[in-house]
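Just run.cif here, mmCIF, C-alpha atoms:
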```
data_coords
#
loop_
_atom_site.label_atom_id
_atom_site.label_comp_id
_atom_site.auth_asym_id
_atom_site.auth_seq_id
_atom_site.Cartn_x
_atom_site.Cartn_y
_atom_site.Cartn_z
CA MET A 21 -11.79 -54.87 -42.87
CA PHE A 22 -14.01 -52.64 -44.93
CA LEU A 23 -11.00 -50.55 -45.87
CA LEU A 24 -8.96 -53.58 -46.79
CA GLU A 25 -11.71 -54.85 -49.06
CA ALA A 26 -12.40 -51.52 -50.71
CA ASP A 27 -11.39 -51.19 -54.34
CA THR A 28 -8.80 -48.76 -55.70
CA THR A 29 -11.35 -46.14 -56.80
CA GLY A 30 -13.01 -46.27 -53.38
CA ILE A 31 -9.69 -45.79 -51.58
CA SER A 32 -8.72 -43.00 -53.93
CA ARG A 33 -12.01 -41.19 -53.42
CA LEU A 34 -11.91 -41.74 -49.66
CA MET A 35 -8.34 -40.42 -49.52
CA PHE A 36 -9.25 -37.33 -51.54
CA LEU A 37 -12.43 -36.55 -49.63
CA GLY A 38 -10.83 -37.34 -46.27
CA THR A 39 -7.88 -35.07 -46.94
CA LEU A 40 -10.19 -32.36 -48.20
CA GLY A 41 -12.37 -32.73 -45.10
CA MET A 42 -9.42 -32.58 -42.74
CA LEU A 43 -8.01 -29.52 -44.48
CA THR A 44 -11.41 -27.80 -44.44
CA LEU A 45 -11.70 -28.56 -40.74
CA ALA A 46 -8.18 -27.22 -40.08
CA ILE A 47 -8.82 -24.06 -42.09
CA GLY A 48 -12.17 -23.65 -40.32
CA ILE A 49 -10.45 -23.81 -36.94
CA ILE A 50 -7.80 -21.31 -38.08
CA VAL A 51 -10.43 -18.89 -39.42
CA PHE A 52 -12.47 -19.23 -36.22
CA VAL A 53 -9.39 -18.51 -34.07
CA ILE A 54 -8.49 -15.42 -36.12
CA PHE A 55 -12.00 -13.96 -36.16
CA HIS A 56 -12.81 -14.79 -32.56
CA GLN A 57 -9.57 -13.22 -31.40
CA ARG A 58 -10.30 -10.08 -33.45
CA LYS A 59 -13.71 -9.91 -31.83
CA VAL A 60 -12.08 -10.15 -28.39
CA ILE A 61 -9.60 -7.38 -29.30
CA ARG A 62 -12.45 -5.17 -30.54
CA TYR A 63 -14.34 -5.77 -27.30
CA GLN A 64 -11.23 -4.97 -25.24
CA LEU A 65 -10.71 -1.76 -27.18
CA GLN A 66 -14.31 -0.75 -26.63
CA MET A 67 -13.98 -1.41 -22.90
CA LYS A 68 -10.77 0.61 -22.82
CA LYS A 69 -12.42 3.48 -24.65
CA LEU A 70 -15.36 3.46 -22.23
CA GLU A 71 -12.98 3.44 -19.28
CA GLU A 72 -11.03 6.36 -20.77
CA GLU A 73 -14.26 8.29 -21.32
CA LYS A 74 -15.24 7.65 -17.72
CA GLN A 75 -11.82 8.83 -16.53
CA GLN A 76 -12.17 11.94 -18.65
CA ILE A 77 -15.59 12.72 -17.17
CA LEU A 78 -14.21 12.27 -13.65
CA LEU A 79 -11.23 14.47 -14.44
CA ASN A 80 -13.44 17.18 -15.90
CA ALA A 81 -15.70 16.99 -12.88
CA SER A 82 -12.73 17.30 -10.58
CA ILE A 83 -11.42 20.34 -12.47
CA ARG A 84 -14.87 21.94 -12.51
CA PHE A 85 -15.22 21.30 -8.79
CA GLN A 86 -11.86 22.94 -8.10
CA GLU A 87 -12.84 25.94 -10.20
CA GLU A 88 -16.18 26.26 -8.41
CA GLU A 89 -14.44 26.01 -5.06
CA ARG A 90 -11.97 28.73 -6.07
CA GLN A 91 -14.82 30.92 -7.29
CA ARG A 92 -16.67 30.43 -4.01
CA ILE A 93 -13.60 31.36 -1.98
CA ALA A 94 -12.96 34.36 -4.25
CA ALA A 95 -16.58 35.45 -3.87
CA ASP A 96 -16.44 35.05 -0.07
CA LEU A 97 -13.26 37.10 0.13
CA HIS A 98 -14.43 39.72 -2.33
CA ASP A 99 -18.01 40.15 -1.09
CA ASP A 100 -17.50 39.74 2.65
CA ALA A 101 -13.89 40.24 3.70
CA GLY A 102 -13.22 43.03 1.19
CA PRO A 103 -16.03 45.41 2.31
CA LEU A 104 -15.28 44.70 5.99
CA LEU A 105 -11.63 45.66 5.63
CA ALA A 106 -12.55 48.69 3.50
CA THR A 107 -14.92 49.90 6.22
CA ALA A 108 -12.27 49.37 8.89
CA ARG A 109 -9.90 51.41 6.73
CA LEU A 110 -12.50 54.20 6.53
CA TYR A 111 -12.84 54.32 10.32
CA LEU A 112 -9.07 54.46 10.72
CA ASN A 113 -8.83 57.18 8.04
CA GLU A 114 -11.35 59.21 9.98
CA ASN A 115 -8.88 59.24 12.87
CA LEU A 116 -6.42 61.11 10.73
CA VAL A 117 -8.99 63.82 9.92
CA ASN A 118 -10.90 64.01 13.16
CA GLN A 119 -8.66 64.99 16.07
CA GLU A 120 -11.27 64.72 18.82
CA LYS A 121 -10.21 62.08 21.31
CA ALA A 122 -13.70 60.65 22.05
CA GLN A 123 -14.55 60.30 18.37
CA GLN A 124 -11.12 58.81 17.68
CA LEU A 125 -11.71 56.18 20.35
CA GLN A 126 -15.16 55.46 18.96
CA SER A 127 -13.85 54.94 15.42
CA ILE A 128 -10.92 52.80 16.65
CA TYR A 129 -13.41 50.62 18.58
CA SER A 130 -15.61 50.28 15.47
CA ALA A 131 -12.59 49.43 13.33
CA LYS A 132 -11.53 46.80 15.86
CA GLN A 133 -14.97 45.22 15.79
CA ILE A 134 -14.96 45.13 12.01
CA ILE A 135 -11.47 43.60 11.96
CA ASP A 136 -12.68 40.97 14.47
CA ASP A 137 -15.54 40.16 12.11
CA ALA A 138 -13.11 39.92 9.21
CA ILE A 139 -10.88 37.57 11.21
CA LEU A 140 -13.89 35.39 12.03
CA LEU A 141 -14.94 35.34 8.40
CA ILE A 142 -11.48 34.37 7.18
CA ARG A 143 -11.32 31.68 9.86
CA ASN A 144 -14.64 30.28 8.64
CA ILE A 145 -13.38 30.21 5.07
CA SER A 146 -10.19 28.51 6.21
CA HIS A 147 -12.16 25.97 8.27
CA SER A 148 -14.35 25.14 5.31
CA LEU A 149 -11.17 24.34 3.35
CA MET A 150 -9.60 22.16 6.03
CA PRO A 151 -11.63 21.53 9.17
CA PRO A 152 -9.29 21.97 12.18
CA THR A 153 -11.03 19.18 14.09
CA LEU A 154 -10.19 16.78 11.28
CA LYS A 155 -6.56 17.83 11.18
CA ASN A 156 -6.05 17.79 14.95
CA PHE A 157 -8.36 15.06 16.21
CA GLY A 158 -9.09 12.90 13.21
CA LEU A 159 -12.00 11.63 11.18
CA GLU A 160 -14.03 10.36 14.11
CA SER A 161 -14.10 13.72 15.92
CA ALA A 162 -14.66 15.71 12.73
CA THR A 163 -17.54 13.51 11.62
CA THR A 164 -19.15 13.41 15.05
CA ASP A 165 -18.75 17.18 15.27
CA MET A 166 -20.38 17.64 11.86
CA PHE A 167 -23.30 15.40 12.79
CA GLN A 168 -23.77 17.22 16.10
CA LYS A 169 -23.92 20.54 14.26
CA ILE A 170 -26.52 19.15 11.83
CA SER A 171 -28.54 17.70 14.67
CA GLY A 172 -28.19 20.97 16.62
CA SER A 173 -29.82 22.91 13.80
CA GLY A 174 -33.03 21.01 14.63
CA THR A 175 -34.01 20.24 11.06
CA LEU A 176 -33.16 16.54 11.23
CA ASN A 177 -31.90 13.94 13.63
CA ALA A 178 -28.26 13.09 12.84
CA SER A 179 -25.90 10.81 14.73
CA ALA A 180 -22.56 9.15 14.10
CA ARG A 181 -20.97 6.20 15.85
CA PHE A 182 -17.47 4.85 15.32
CA HIS A 183 -17.07 1.29 16.57
CA ASP A 184 -13.50 0.49 15.58
CA TYR A 185 -11.34 3.51 14.84
CA ARG A 186 -8.43 3.16 17.25
CA ASP A 187 -5.72 3.76 14.65
CA ARG A 188 -6.08 6.90 12.61
CA LEU A 189 -5.65 6.83 8.85
CA LYS A 190 -3.34 9.08 6.85
CA VAL A 191 -4.44 12.73 6.93
CA ASP A 192 -4.98 12.76 3.14
CA GLN A 193 -7.13 9.65 3.37
CA GLU A 194 -9.14 11.05 6.27
CA LEU A 195 -9.73 14.29 4.40
CA LEU A 196 -10.95 12.44 1.31
CA ILE A 197 -13.30 10.25 3.38
CA PHE A 198 -14.55 13.31 5.25
CA ARG A 199 -15.25 15.11 1.96
CA VAL A 200 -17.16 12.08 0.68
CA ILE A 201 -19.24 11.97 3.87
CA GLN A 202 -19.82 15.74 3.63
CA GLU A 203 -20.96 15.43 0.02
CA LEU A 204 -23.25 12.50 0.82
CA ILE A 205 -24.78 14.29 3.81
CA ASN A 206 -25.16 17.43 1.74
CA ASN A 207 -26.97 15.46 -0.98
CA ILE A 208 -29.22 13.75 1.56
CA MET A 209 -30.11 17.09 3.16
CA LYS A 210 -30.70 18.75 -0.22
CA HIS A 211 -32.60 16.08 -2.14
CA SER A 212 -33.91 13.32 0.12
CA ASN A 213 -36.12 15.13 2.62
CA ALA A 214 -34.88 12.73 5.31
CA GLY A 215 -35.95 12.80 8.96
CA PHE A 216 -32.86 11.05 10.27
CA ILE A 217 -29.30 10.28 9.19
CA HIS A 218 -27.20 7.78 11.04
CA LEU A 219 -23.57 6.93 10.33
CA THR A 220 -21.86 3.80 11.65
CA GLN A 221 -18.23 2.88 11.27
CA ASN A 222 -16.67 -0.52 11.53
CA ALA A 223 -13.46 -2.25 10.46
CA ALA A 224 -12.65 -5.74 9.21
CA ASN A 225 -9.93 -7.39 7.10
CA ASN A 226 -7.79 -4.25 7.06
CA LYS A 227 -10.66 -2.27 5.60
CA ILE A 228 -12.81 0.47 7.02
CA TYR A 229 -16.57 0.39 6.49
CA LEU A 230 -18.77 3.43 6.85
CA ARG A 231 -22.51 3.08 6.48
CA ILE A 232 -24.99 5.91 6.30
CA HIS A 233 -28.68 5.17 6.85
CA HIS A 234 -31.39 7.69 6.09
CA ASP A 235 -35.15 7.55 5.75
CA GLY A 236 -35.51 10.00 2.88
CA LYS A 237 -35.68 9.48 -0.85
CA GLY A 238 -32.40 7.90 -1.88
CA ILE A 239 -30.81 6.23 -4.85
CA VAL A 240 -29.68 2.67 -5.56
CA GLN A 241 -26.47 1.51 -7.22
CA ALA A 242 -27.89 1.44 -10.76
CA GLU A 243 -29.07 5.04 -10.44
CA PHE A 244 -25.71 6.08 -9.01
CA ASP A 245 -23.88 4.47 -11.95
CA LYS A 246 -26.26 6.14 -14.40
CA LEU A 247 -25.92 9.58 -12.80
CA ASN A 248 -22.17 9.10 -12.56
CA HIS A 249 -21.91 8.51 -16.32
CA ASN A 250 -24.18 11.43 -17.03
CA ALA A 251 -22.55 14.73 -17.98
CA ASN A 252 -24.33 16.50 -15.10
CA GLY A 253 -24.17 15.74 -11.39
CA LEU A 254 -20.85 17.11 -10.22
CA GLY A 255 -21.27 15.98 -6.60
CA LEU A 256 -21.64 12.30 -7.41
CA LYS A 257 -18.68 12.42 -9.80
CA ASN A 258 -16.59 13.95 -7.05
CA ILE A 259 -17.63 11.16 -4.74
CA ALA A 260 -16.70 8.59 -7.38
CA SER A 261 -13.32 10.19 -8.12
CA ARG A 262 -12.47 10.46 -4.41
CA ILE A 263 -13.45 6.83 -3.85
CA LYS A 264 -11.23 5.90 -6.79
CA VAL A 265 -8.29 7.78 -5.26
CA LEU A 266 -8.95 5.95 -1.99
CA LYS A 267 -9.03 2.65 -3.93
CA GLY A 268 -12.31 1.95 -2.19
CA ARG A 269 -15.86 1.12 -3.18
CA ILE A 270 -19.27 2.63 -2.61
CA PHE A 271 -22.64 0.88 -2.59
CA PHE A 272 -26.04 2.50 -2.71
CA GLU A 273 -28.91 0.26 -1.71
CA ILE A 274 -32.37 0.26 -0.23
CA ASP A 275 -33.25 -1.82 2.79
CA PRO A 276 -35.42 -4.89 2.03
CA SER A 277 -38.11 -3.32 4.23
CA GLN A 278 -38.08 -0.36 1.79
CA THR A 279 -38.13 2.05 4.71
CA TYR A 280 -34.63 3.46 4.52
CA TYR A 281 -31.65 3.74 2.22
CA LYS A 282 -28.11 2.61 2.94
CA ILE A 283 -24.84 3.94 1.56
CA THR A 284 -21.80 1.83 2.35
CA LEU A 285 -18.21 2.93 1.88
CA GLU A 286 -15.44 0.35 1.83
CA ILE A 287 -11.98 1.87 2.21
CA PRO A 288 -8.71 -0.09 2.42
CA ARG A 289 -6.83 0.90 5.55
CA GLU A 290 -3.59 2.82 5.13
CA PRO A 291 -2.40 3.61 8.65
CA ILE A 292 -0.11 6.53 9.46
CA ALA A 293 3.50 5.61 8.75
CA MET B 19 5.19 -44.51 -22.97
CA VAL B 20 2.15 -44.44 -25.23
CA PHE B 21 4.36 -43.85 -28.26
CA LEU B 22 6.59 -46.73 -27.19
CA ALA B 23 3.59 -49.00 -26.80
CA PHE B 24 2.36 -48.10 -30.28
CA PHE B 25 5.84 -48.62 -31.67
CA VAL B 26 6.02 -52.13 -30.22
CA PHE B 27 2.50 -52.82 -31.50
CA ASP B 28 3.58 -51.65 -34.96
CA LEU B 29 6.62 -53.93 -34.90
CA PHE B 30 4.49 -57.01 -34.43
CA GLN B 31 1.57 -55.98 -36.63
CA ILE B 32 3.51 -54.27 -39.36
CA LYS B 33 2.20 -56.44 -42.16
CA LYS B 34 -1.47 -56.27 -41.16
CA VAL B 35 -2.17 -52.67 -40.04
CA PRO B 36 0.77 -50.39 -40.63
CA THR B 37 1.59 -46.92 -39.29
CA ASN B 38 -0.39 -47.07 -36.08
CA THR B 39 2.22 -44.94 -34.33
CA LEU B 40 2.10 -42.40 -37.11
CA ILE B 41 -1.68 -42.18 -37.02
CA PHE B 42 -1.65 -41.74 -33.27
CA GLU B 43 1.18 -39.23 -33.56
CA PHE B 44 -0.67 -37.21 -36.20
CA LEU B 45 -3.85 -37.19 -34.13
CA PHE B 46 -1.88 -36.21 -31.05
CA PHE B 47 -0.18 -33.30 -32.85
CA ILE B 48 -3.46 -32.10 -34.36
CA VAL B 49 -5.02 -32.00 -30.90
CA VAL B 50 -1.96 -30.29 -29.39
CA ILE B 51 -1.87 -27.64 -32.14
CA VAL B 52 -5.59 -26.93 -31.88
CA PHE B 53 -5.22 -26.65 -28.11
CA PHE B 54 -2.23 -24.33 -28.56
CA LEU B 55 -4.17 -22.13 -30.99
CA PHE B 56 -7.12 -21.84 -28.61
CA GLN B 57 -4.79 -21.03 -25.74
CA ARG B 58 -3.03 -18.31 -27.76
CA MET B 59 -6.40 -16.97 -28.81
CA ASN B 60 -7.33 -16.43 -25.18
CA ASP B 61 -3.91 -15.20 -24.05
CA ILE B 62 -3.18 -12.55 -26.66
CA VAL B 63 -5.58 -9.64 -26.40
CA SER B 64 -3.60 -6.62 -27.50
CA ILE B 65 -2.42 -7.61 -31.00
CA PRO B 66 -3.99 -9.78 -33.73
CA ILE B 67 -2.94 -13.41 -33.36
CA SER B 68 -2.19 -13.53 -37.11
CA SER B 69 0.71 -11.13 -36.59
CA THR B 70 2.57 -13.58 -34.38
CA ILE B 71 5.19 -16.02 -35.67
CA SER B 72 4.02 -18.89 -33.48
CA PHE B 73 0.53 -18.69 -34.98
CA TRP B 74 1.78 -19.23 -38.54
CA ILE B 75 4.10 -22.04 -37.46
CA ALA B 76 1.12 -23.70 -35.78
CA VAL B 77 -1.02 -23.14 -38.90
CA GLY B 78 1.68 -24.69 -41.12
CA LEU B 79 2.00 -27.74 -38.90
CA LEU B 80 -1.78 -28.10 -38.54
CA ILE B 81 -2.21 -28.11 -42.32
CA TYR B 82 0.63 -30.62 -42.64
CA PHE B 83 -0.73 -33.04 -40.03
CA SER B 84 -4.39 -32.76 -40.98
CA GLY B 85 -3.65 -32.87 -44.74
CA ASN B 86 -1.51 -36.00 -44.45
CA PHE B 87 -3.74 -37.77 -41.92
CA PHE B 88 -5.89 -39.66 -44.45
CA ASN B 89 -2.85 -40.14 -46.64
CA ILE B 90 -1.10 -42.05 -43.85
CA LEU B 91 -4.31 -43.86 -42.93
CA LEU B 92 -5.07 -45.19 -46.40
CA THR B 93 -1.89 -45.21 -48.46
CA LYS B 94 -0.63 -48.65 -47.42
CA LEU B 95 -3.98 -50.32 -47.97
CA SER B 96 -3.31 -50.47 -51.67
CA LEU B 97 -0.16 -51.00 -53.68
CA ASP B 98 -1.87 -49.66 -56.78
CA PRO B 99 0.40 -47.13 -58.56
CA LYS B 100 -2.59 -44.80 -59.07
CA ILE B 101 -3.13 -44.61 -55.30
CA ARG B 102 0.60 -44.18 -54.75
CA ALA B 103 0.68 -41.29 -57.22
CA GLN B 104 -2.35 -39.63 -55.63
CA SER B 105 -0.83 -40.10 -52.18
CA GLY B 106 2.46 -38.61 -53.35
CA MET B 107 0.63 -35.68 -54.89
CA ILE B 108 -1.32 -34.95 -51.68
CA TYR B 109 1.83 -35.28 -49.61
CA MET B 110 3.68 -32.91 -51.92
CA ILE B 111 0.95 -30.25 -51.96
CA VAL B 112 0.50 -30.35 -48.20
CA THR B 113 4.24 -30.35 -47.49
CA ILE B 114 4.86 -27.46 -49.87
CA SER B 115 2.01 -25.49 -48.24
CA LYS B 116 3.49 -26.20 -44.81
CA ASN B 117 6.98 -25.16 -45.90
CA ILE B 118 5.70 -21.94 -47.48
CA LEU B 119 3.82 -21.08 -44.28
CA LEU B 120 6.87 -21.87 -42.13
CA CYS B 121 9.10 -19.74 -44.35
CA LEU B 122 6.63 -16.86 -44.26
CA ALA B 123 6.36 -17.19 -40.48
CA LEU B 124 10.12 -17.12 -40.01
CA LEU B 125 10.60 -14.29 -42.50
CA GLY B 126 7.91 -12.10 -40.92
CA SER B 127 8.67 -9.86 -37.99
CA GLU B 128 6.55 -10.12 -34.90
CA LYS B 129 4.95 -7.11 -33.25
CA ASN B 130 5.72 -7.28 -29.58
CA GLU B 131 2.80 -7.44 -27.27
CA ILE B 132 2.96 -4.61 -24.75
CA THR B 133 3.68 -5.99 -21.33
CA ASP B 134 5.08 -4.41 -18.18
CA GLU B 135 8.55 -5.68 -19.07
CA ASN B 136 8.86 -4.07 -22.49
CA ILE B 137 7.34 -0.63 -21.81
CA PRO B 138 10.21 1.75 -22.59
CA PHE B 139 10.78 3.62 -19.34
CA PRO B 140 13.16 6.58 -19.52
CA ASN B 141 16.53 6.15 -17.96
CA ASP B 142 16.31 7.57 -14.45
CA GLU B 143 20.03 8.00 -13.84
CA GLY B 144 19.49 11.73 -13.57
CA PHE B 145 17.26 11.31 -10.55
CA GLN B 146 19.95 9.48 -8.61
CA LYS B 147 22.27 12.45 -8.98
CA LEU B 148 19.79 14.76 -7.29
CA ASP B 149 20.73 15.49 -3.69
CA ILE B 150 17.79 16.78 -1.70
CA SER B 151 19.90 17.69 1.35
CA ASN B 152 21.94 20.21 -0.66
CA ASN B 153 18.73 21.81 -1.91
#
```
Spell out the structure here as structure tokens.
Amino acid sequence: MFLLEADTTGISRLMFLGTLGMLTLAIGIIVFVIFHQRKVIRYQLQMKKLEEEKQQILLNASIRFQEEERQRIAADLHDDAGPLLATARLYLNENLVNQEKAQQLQSIYSAKQIIDDAILLIRNISHSLMPPTLKNFGLESATTDMFQKISGSGTLNASARFHDYRDRLKVDQELLIFRVIQELINNIMKHSNAGFIHLTQNAANNKIYLRIHHDGKGIVQAEFDKLNHNANGLGLKNIASRIKVLKGRIFFEIDPSQTYYKITLEIPREPIA
Amino acid sequence: MVFLAFFVFDLFQIKKVPTNTLIFEFLFFIVVIVFFLFQRMNDIVSIPISSTISFWIAVGLLIYFSGNFFNILLTKLSLDPKIRAQSGMIYMIVTISKNILLCLALLGSEKNEITDENIPFPNDEGFQKLDISNN
């Protein structure tokens, strides 16, 4: 009614201001959409860049780890196997010079002993590359074996228990999990000053769960993420990259009682084909 | 159904309050376009929304509907030639703006958003020819 009674000037003004208001509102919405979307794109790009940087750090860590491993093997072969074989060669050379039977036998015996030592050394190097227990009997046996050896050394109490590991995983997967466990145990032994380490395995929803408890000084998830993004700390980066390959997850936490730390691995099951 | 109802209402009330259907229609399209813009804003994350054709079509239509909304609402309240002229002027400006935007949208080329479907994979015919058994 008000509109019907309004005079021409009023209607004209209302029409002009109304149209202007509507257009301003429409342009405002358009500008908001454009700028908000640009902000989202910028955020996405930043996230992508961060992810790429993280990938790069993991890749570098993996390459550095490989190089260190090669150097270690080269050093083992050069410093231990090399001199042993050279000595054995010396004993055998002596046989060519010395014609006395008793001395010949003595030097052959010594050479044999040295060659035995060299064989043992090379076997140890080979086992450190691919544990035979893991290859032949699987993750459960290899892990239990490793824990028994640690416990046998008498420095700390270590035990492992597998509750649901009837079907073995793929060999590659088992090796990666074993390396992660090795690295974690190594870290615990080196840095945490723990009195006991206990590993439990369980399975649910087509996933394998491994939990390590220890009573030493551990880290929580935030510290792990921080150390993982740091340029140093090769071991943790290796753990992260192996977990990524396994498409799994790792959680570092402290028990509510604050008496021990827990590390949980969640690995999707990929049974042997 | 709603449009039909408004149309029938308009038929009977045409002399008193005209263009109810149009007003409703304009409001409806404004809401739909704004909703569409917000949806596109959330969907597209790899390229700027302003480089897509659909965005400029939506902008053109939004300016057309919002610019003419008050025109439709008030124009038939007065038969004064001054109002008619002003209404015609607003309609013309808004319609020309819309048409320019639509032309620009249709003339412009759209950058394709990268999806799994349009990543250019190399032709792998060569791999099929490989025979492992022959070695």
Rank nothing, just name the residue among A:Ser148, A:Thr279, A:Asn248, A:Gln57 nearest to chain B, using all atoms listed in the file.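 For chain B, the nearest of the candidates is A:Gln57.
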Two-atom distance - atom CA of A:Tyr111, atom CA of A:Ser127 (Å):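 If I compute the distance from atom CA of A:Tyr111 to atom CA of A:Ser127, I get 5.2 Å.
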Which value, in Å to one decimal, gives the distance between atom CA of A:His211 and atom CA of A:Gly255? 12.2 Å
Residue hits in chain A, query chain B, radius 9 Å, all atoms listed in the file, as a PDB file with C-alpha atoms, in the frame of the given file:
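Contents of selection_10.pdb, as written:
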```pdb
ATOM      1  CA  LEU A  23     -11.000 -50.550 -45.870  1.00  0.00           C
ATOM      2  CA  LEU A  24      -8.960 -53.580 -46.790  1.00  0.00           C
ATOM      3  CA  ALA A  26     -12.400 -51.520 -50.710  1.00  0.00           C
ATOM      4  CA  ASP A  27     -11.390 -51.190 -54.340  1.00  0.00           C
ATOM      5  CA  THR A  28      -8.800 -48.760 -55.700  1.00  0.00           C
ATOM      6  CA  THR A  29     -11.350 -46.140 -56.800  1.00  0.00           C
ATOM      7  CA  ILE A  31      -9.690 -45.790 -51.580  1.00  0.00           C
ATOM      8  CA  SER A  32      -8.720 -43.000 -53.930  1.00  0.00           C
ATOM      9  CA  LEU A  34     -11.910 -41.740 -49.660  1.00  0.00           C
ATOM     10  CA  MET A  35      -8.340 -40.420 -49.520  1.00  0.00           C
ATOM     11  CA  PHE A  36      -9.250 -37.330 -51.540  1.00  0.00           C
ATOM     12  CA  LEU A  37     -12.430 -36.550 -49.630  1.00  0.00           C
ATOM     13  CA  GLY A  38     -10.830 -37.340 -46.270  1.00  0.00           C
ATOM     14  CA  THR A  39      -7.880 -35.070 -46.940  1.00  0.00           C
ATOM     15  CA  LEU A  40     -10.190 -32.360 -48.200  1.00  0.00           C
ATOM     16  CA  GLY A  41     -12.370 -32.730 -45.100  1.00  0.00           C
ATOM     17  CA  MET A  42      -9.420 -32.580 -42.740  1.00  0.00           C
ATOM     18  CA  LEU A  43      -8.010 -29.520 -44.480  1.00  0.00           C
ATOM     19  CA  LEU A  45     -11.700 -28.560 -40.740  1.00  0.00           C
ATOM     20  CA  ALA A  46      -8.180 -27.220 -40.080  1.00  0.00           C
ATOM     21  CA  ILE A  47      -8.820 -24.060 -42.090  1.00  0.00           C
ATOM     22  CA  ILE A  49     -10.450 -23.810 -36.940  1.00  0.00           C
ATOM     23  CA  ILE A  50      -7.800 -21.310 -38.080  1.00  0.00           C
ATOM     24  CA  VAL A  53      -9.390 -18.510 -34.070  1.00  0.00           C
ATOM     25  CA  ILE A  54      -8.490 -15.420 -36.120  1.00  0.00           C
ATOM     26  CA  HIS A  56     -12.810 -14.790 -32.560  1.00  0.00           C
ATOM     27  CA  GLN A  57      -9.570 -13.220 -31.400  1.00  0.00           C
ATOM     28  CA  ARG A  58     -10.300 -10.080 -33.450  1.00  0.00           C
ATOM     29  CA  VAL A  60     -12.080 -10.150 -28.390  1.00  0.00           C
ATOM     30  CA  ILE A  61      -9.600  -7.380 -29.300  1.00  0.00           C
ATOM     31  CA  GLN A  64     -11.230  -4.970 -25.240  1.00  0.00           C
ATOM     32  CA  LEU A  65     -10.710  -1.760 -27.180  1.00  0.00           C
TER      33      LEU A  65
END
```
Taken to one decimal, the atom CA of B:Phe44-atom CA of B:Leu125 distance is 26.3 Å
Tell me, as a ChimeraX atom specification, which residues lie within 7 Å of stretch 85-102 of chain A, counting all atoms listed in the file; anything in the same chain fewer than 3 positions away does not count. /A:81-82,105-106,138,141
Using all atoms listed in the file, determine which residues lie at most 8 Å from B:Ile75, disregarding the query and same-chain residues fewer than 3 positions distant; provide the list as a PyMOL selection string. chain B and resi 71-72+78-79+119-120+123
For A:Asp275, list every protein, DNA or RNA residue within 12 Å, evaluated using all atoms listed in the file, and leave out those in the same chain fewer than 5 positions away; present the list as a ChimeraX atom specification. /A:232-235,238-240,280-283
Return as AutoDock Vina command-line options the box centre and box size in Å, one decimal, for an axis-aligned box around all listed atoms of stretch 60-70 of chain B padded by 6 Å per side.
```
--center_x -2.4 --center_y -11.5 --center_z -30.6 --size_x 21.9 --size_y 21.8 --size_z 25.1
```
Residue members of the PyMOL selection byres ((chain A and resi 256-269) around 7) in the file shown, as a ChimeraX atom specification: /A:78,81-82,193,196,200,248,253-255,270-271,285-288
